[in-house]
Amino acid sequence: MQKIELNENWKMRIAGEDSFFPATVPGSVYQDLLDQGRMEDPYFRDNEDRALEIMKQDFEYRKFFDVDKAQIAEADEALLRFHGLDTIADITLNGTFLKQVDNMHRTWDFSVKQLLKEKDNELVIYFHSPVLYIADQFEKDPAILGTEDAMRGFPKIRKGHYMFGWDWGPRLPDAGIWKPVELLFVEKARLTRVYIRQNWESDLSEVKLCLETKIAEASSFSKTAKVISETDYAKEREFSAEDKKTYRLSITVMDPQGEKIYDRVEAAMPLVIEKPQLWWPNGFGSQPLYTVITELTSADEKRIYDRTEKKIGLRTMTMNTEKDAYGNAFAHVVNGVPIFAMGADYIPEDNILHRMNSARTRDLLLQCKAANFNCIRVWGGGLYPDDSFFDICDELGLVVWQDFMFACANYRLTEDFEENIMAELKDQIRRLAHHASLGLWCGNNEMEMFVDQGEWGAENEIKSDYVKIYEYLFPKLLKKEDPDRFYWPASPSTGGGFDFPNDPDRGDVHYWEVWHGNKPFTEYRKFYFRYLSEFGFQSFPSMKTVETFTLPQDRNVFSYVMEKHQRNAAANGKIMNYMEQTFLYPNSLDTLIYASQLLQAEAIRYGVEHFRRNRGRCMGTVYWQLNDCWPVASWSSIDYYGRWKALHYYAKRFFAPVLLSREEEGLLNQTMNVNAEPFPVRKSIRLNVTNETMQEKQVVVKWQLRNPDAKVLFEQECKVTVPPLSAVWLDRVDLEQAELYANYVSYQLFEDNLGEADQKQAGAISEGTVLFCPPKHFRFADPQLRARIEGDEIVVSASAYAKSIEIRNENDDLILSDNFFDLNGGEKRVKILKGKADGVQVRSVYDIR
């Protein structure tokens, strides 16, 4: 099969205009208009509103191309393939209308041999306004509703829902040819599916690879049809014994080192691999990838008709949902090992589709590995990620929880809708099923929970359609297309049937009482969720990021522009409410941003550390959210421009494989009211060592009671043996002698085989500090922070206790080995991983005033 890319020399115009101008494919309407100076940056100030108005128009893309006459003559069929069209688009080739396509999540194929000519083939794609389309659909069927943060009618179009607005995203529904266009010349037949199944021995000493292969013959196409249909034409079939008279199907398998294990052997036989190199999630082992090449040739092997090449990881992977003492477990199990999931929820990386690319995705996912993630959840209101996303997750060991693209909305199950979404799922399952990192398929985001509550007009008919889609149609298709993968009907869920979808003792949970419910951070400690797949807390992005979308007069969190870049209703006030409980009133916007990021980081730390201390009962903390799609105040730990917030540095520490954390008693869990009738305040700490590795750990735990100058008043240490995959509690220590507002505890974890000097040289594996009162009331001494540069290191020094030290340069684009850390006086060396140490500044909680 020969492939010609049709991505060059496109032109586009706004419908009704006379002239076309150059367009980029793959690309988008917004990017083409920006390139031509036809619109302003939609992310600046309130330009979003004008950009949305543009999308009330239609757009026309056109391309002329030539085809080698011999290619047309020699091919048994020619396929015109669109990997992604966004979204309602009429396709015409040489004056013949092919189809109106209506789903950006699908690949569209058309059989076009009879329409091709040697010169000046004209391909036209006419995109209809997505804004007017959803308005019209809503008027026809106003009962179909979704989240109030998005535009009315958004569930009626198979397009990334987030593009119509969310409580972190703008209303910028881009359009265009967002993925490549190809012309494929087919000789005899092509492969339509190569599915690789792994059948394992129970001790993982051997695996059999079995291929399930489907083909479509060109002879099944019409040679004379005047009107061409899309390639559901395929009449695909399982490769059969009868086919062997005409074709040969062979397979080559190479190990991760590039050595051939099997070389073009008959694909019908199971291929045995002894002592397989196992693929593991990040932190549990390496990620070796085998290469599997499948070729469809003539029986005499003189002609190659089609060829696929896939990278696979050899592993077993499922979810444990068995009954236990607490309810029902919910845990990733890889190669027989129960994994505590540590990661975040991923949203599309941009609202302007052309700006998303594999290099940007790789950089983002590398930041996840750097912060000790082993899991990523792809949220269901966005886009199915490109192949490169999964390739990178395979390489880095990031287990992917993959939602299907349905979120926070109701859907009516008509015949057309069923056909459309089932084709969508089939495309995506076949594209992604071979990836080692693909941990599970999930039907939707938050719909079982809200449909159960009757939200968004969920009457009986809608509830019935919900069950048919996510609990019948989807699992039925998966049983056929990807039977070895775990399927979960919704997030959150207990397994379906509207059976208490957010049950803390079964399945996965979305918990938002800390933030939406205004509960204190300590509220997490009242729960022992089995798997927390959403929880979050907002902060403002870096001051340098704020400067990209504001003018100086806008830089107040309650200004019109700042509130336009805050999509969660009343969230800026909510941040200030939590601020009032925790810190002194910030003296500038820049200080407020710093304090907001500390609030966010502390909130998520409270949750993650608590749930890790209860490993076994809880087996996952996936926080909301990893990234942003535009510059905005949000729940992200990395902002739109790739700047790490405090949360991402905290994540690197609280997701560390071996973690020392504490459960403290103080004012935070008793009362925050300074005017309460005097009472004896309980002051204590209880330390815990969590070991998310498969090796036993011998460690030394140290802790100290200190004054604001960081002087040690009392200290203890002990040796602890921590079994693999476990959490070990130390005894509670009462500290009634501690001064409420003038003493704090510092704690450190060291390897046991190191002496005092070596411990100091190597540094602690895990460490932290804890106050018994809110930071705003602690009697901090001025730490007189200083920083100096020595090669690729920044050396920070303090004369007293300094909490949450931030290091930043002029452009605030440093990525460091550590940041937002505590220092008990003395010095700390931090490596520069990215960026230049120009104009380095340091500050701590002492500076929030």
# chains A, B, ... in the order shown; residues from 1 in each chain; ligands from 1
call {"tool": "select_by_dssp", "arguments": {"residues": "range 240-481 of chain A", "states": "helix (DSSP H, G or I)", "output": "PyMOL selection string"}}
result
chain A and resi 242-245+353-355+358-370+387-396+415-432+447-452+455-457+460-481
call {"tool": "select_by_dssp", "arguments": {"residues": "range 442-577 of chain A", "states": "strand (DSSP E or B)", "output": "ChimeraX atom specification"}}
result
/A:442,445,486-488,491,493,508-510,532-534,536,539
call {"tool": "closest_atom_pairs", "arguments": {"of": "range 297-331 of chain A", "to": "range 481-499 of chain A", "cutoff": "10 Å", "atoms": "only C-alpha atoms", "output": "JSON lines"}}
result
{"residue": "A:Thr316", "atom": "CA", "partner": "A:Asp484", "partner_atom": "CA", "distance": 9.4}
{"residue": "A:Met317", "atom": "CA", "partner": "A:Arg485", "partner_atom": "CA", "distance": 7.8}
{"residue": "A:Thr318", "atom": "CA", "partner": "A:Phe486", "partner_atom": "CA", "distance": 5.8}
{"residue": "A:Met319", "atom": "CA", "partner": "A:Phe486", "partner_atom": "CA", "distance": 6.7}
{"residue": "A:Asn320", "atom": "CA", "partner": "A:Phe486", "partner_atom": "CA", "distance": 9.8}
{"residue": "A:Thr321", "atom": "CA", "partner": "A:Gly495", "partner_atom": "CA", "distance": 9.2}
{"residue": "A:Asn328", "atom": "CA", "partner": "A:Thr494", "partner_atom": "CA", "distance": 8.8}
{"residue": "A:Phe330", "atom": "CA", "partner": "A:Thr494", "partner_atom": "CA", "distance": 9.3}
call {"tool": "write_last_selection", "arguments": {"atoms": "N, CA and C atoms", "output": "mmCIF file, in the first residue's frame"}}
result
data_model
loop_
_atom_site.group_PDB
_atom_site.id
_atom_site.type_symbol
_atom_site.label_atom_id
_atom_site.label_comp_id
_atom_site.auth_asym_id
_atom_site.auth_seq_id
_atom_site.Cartn_x
_atom_site.Cartn_y
_atom_site.Cartn_z
ATOM 1 N N THR A 316 1.164 -8.118 32.509
ATOM 2 C CA THR A 316 -0.253 -8.313 32.813
ATOM 3 C C THR A 316 -0.733 -7.049 33.513
ATOM 4 N N MET A 317 -1.961 -6.679 33.247
ATOM 5 C CA MET A 317 -2.495 -5.466 33.862
ATOM 6 C C MET A 317 -4.011 -5.577 33.996
ATOM 7 N N THR A 318 -4.497 -5.314 35.185
ATOM 8 C CA THR A 318 -5.938 -5.310 35.406
ATOM 9 C C THR A 318 -6.235 -4.435 36.624
ATOM 10 N N MET A 319 -7.495 -4.461 37.060
ATOM 11 C CA MET A 319 -7.902 -3.776 38.293
ATOM 12 C C MET A 319 -8.450 -4.814 39.255
ATOM 13 N N ASN A 320 -8.032 -4.722 40.503
ATOM 14 C CA ASN A 320 -8.575 -5.576 41.550
ATOM 15 C C ASN A 320 -9.815 -4.903 42.130
ATOM 16 N N THR A 321 -10.965 -5.554 42.012
ATOM 17 C CA THR A 321 -12.217 -5.013 42.565
ATOM 18 C C THR A 321 -12.863 -5.994 43.550
ATOM 19 N N ASN A 328 -15.016 -2.982 48.796
ATOM 20 C CA ASN A 328 -14.445 -3.579 47.597
ATOM 21 C C ASN A 328 -13.173 -2.840 47.223
ATOM 22 N N PHE A 330 -10.120 -1.383 44.903
ATOM 23 C CA PHE A 330 -10.042 -0.797 43.563
ATOM 24 C C PHE A 330 -8.583 -0.391 43.361
#
call {"tool": "atom_distance", "arguments": {"atom1": "CA of Leu735 in chain A", "atom2": "CA of Leu771 in chain A"}}
result
11.8 Å
call {"tool": "closest_residue", "arguments": {"among": "A:Met12, A:Leu271, A:Leu123, A:Leu364", "to": "Arg643 in chain A", "atoms": "only C-alpha atoms"}}
result
A:Leu364
call {"tool": "closest_residue", "arguments": {"among": "A:Val467, A:Leu79, A:Ala341, A:Val378", "to": "Cys618 in chain A", "atoms": "only C-alpha atoms"}}
result
A:Ala341
call {"tool": "closest_residue", "arguments": {"among": "A:Pro170, A:Gly607, A:Pro501, A:Pro475", "to": "Thr522 in chain A", "atoms": "only C-alpha atoms"}}
result
A:Gly607
call {"tool": "closest_atom_pairs", "arguments": {"of": "range 281-308 of chain A", "to": "range 242-259 of chain A", "cutoff": "9 Å", "atoms": "only C-alpha atoms", "output": "CSV"}}
result
residue,atom,partner,partner_atom,distance
A:Pro288,CA,A:Pro256,CA,5.6
A:Leu289,CA,A:Pro256,CA,5.1
A:Tyr290,CA,A:Asp255,CA,4.8
A:Thr291,CA,A:Met254,CA,5.1
A:Val292,CA,A:Val253,CA,4.7
A:Ile293,CA,A:Thr252,CA,5.0
A:Thr294,CA,A:Ile251,CA,4.6
A:Glu295,CA,A:Ser250,CA,5.3
A:Leu296,CA,A:Leu249,CA,4.8
A:Thr297,CA,A:Arg248,CA,5.2
A:Ser298,CA,A:Tyr247,CA,4.6
A:Ala299,CA,A:Tyr247,CA,4.4
A:Asp300,CA,A:Arg248,CA,7.7
A:Glu301,CA,A:Arg248,CA,6.9
call {"tool": "closest_residue", "arguments": {"among": "A:Leu52, A:Ala70, A:Val689, A:Ile88", "to": "Met163 in chain A", "atoms": "only C-alpha atoms"}}
result
A:Leu52
call {"tool": "atom_distance", "arguments": {"atom1": "CA of Ile685 in chain A", "atom2": "CA of Phe780 in chain A"}}
result
20.5 Å
call {"tool": "atom_distance", "arguments": {"atom1": "CA of Phe521 in chain A", "atom2": "CA of Tyr606 in chain A"}}
result
6.2 Å
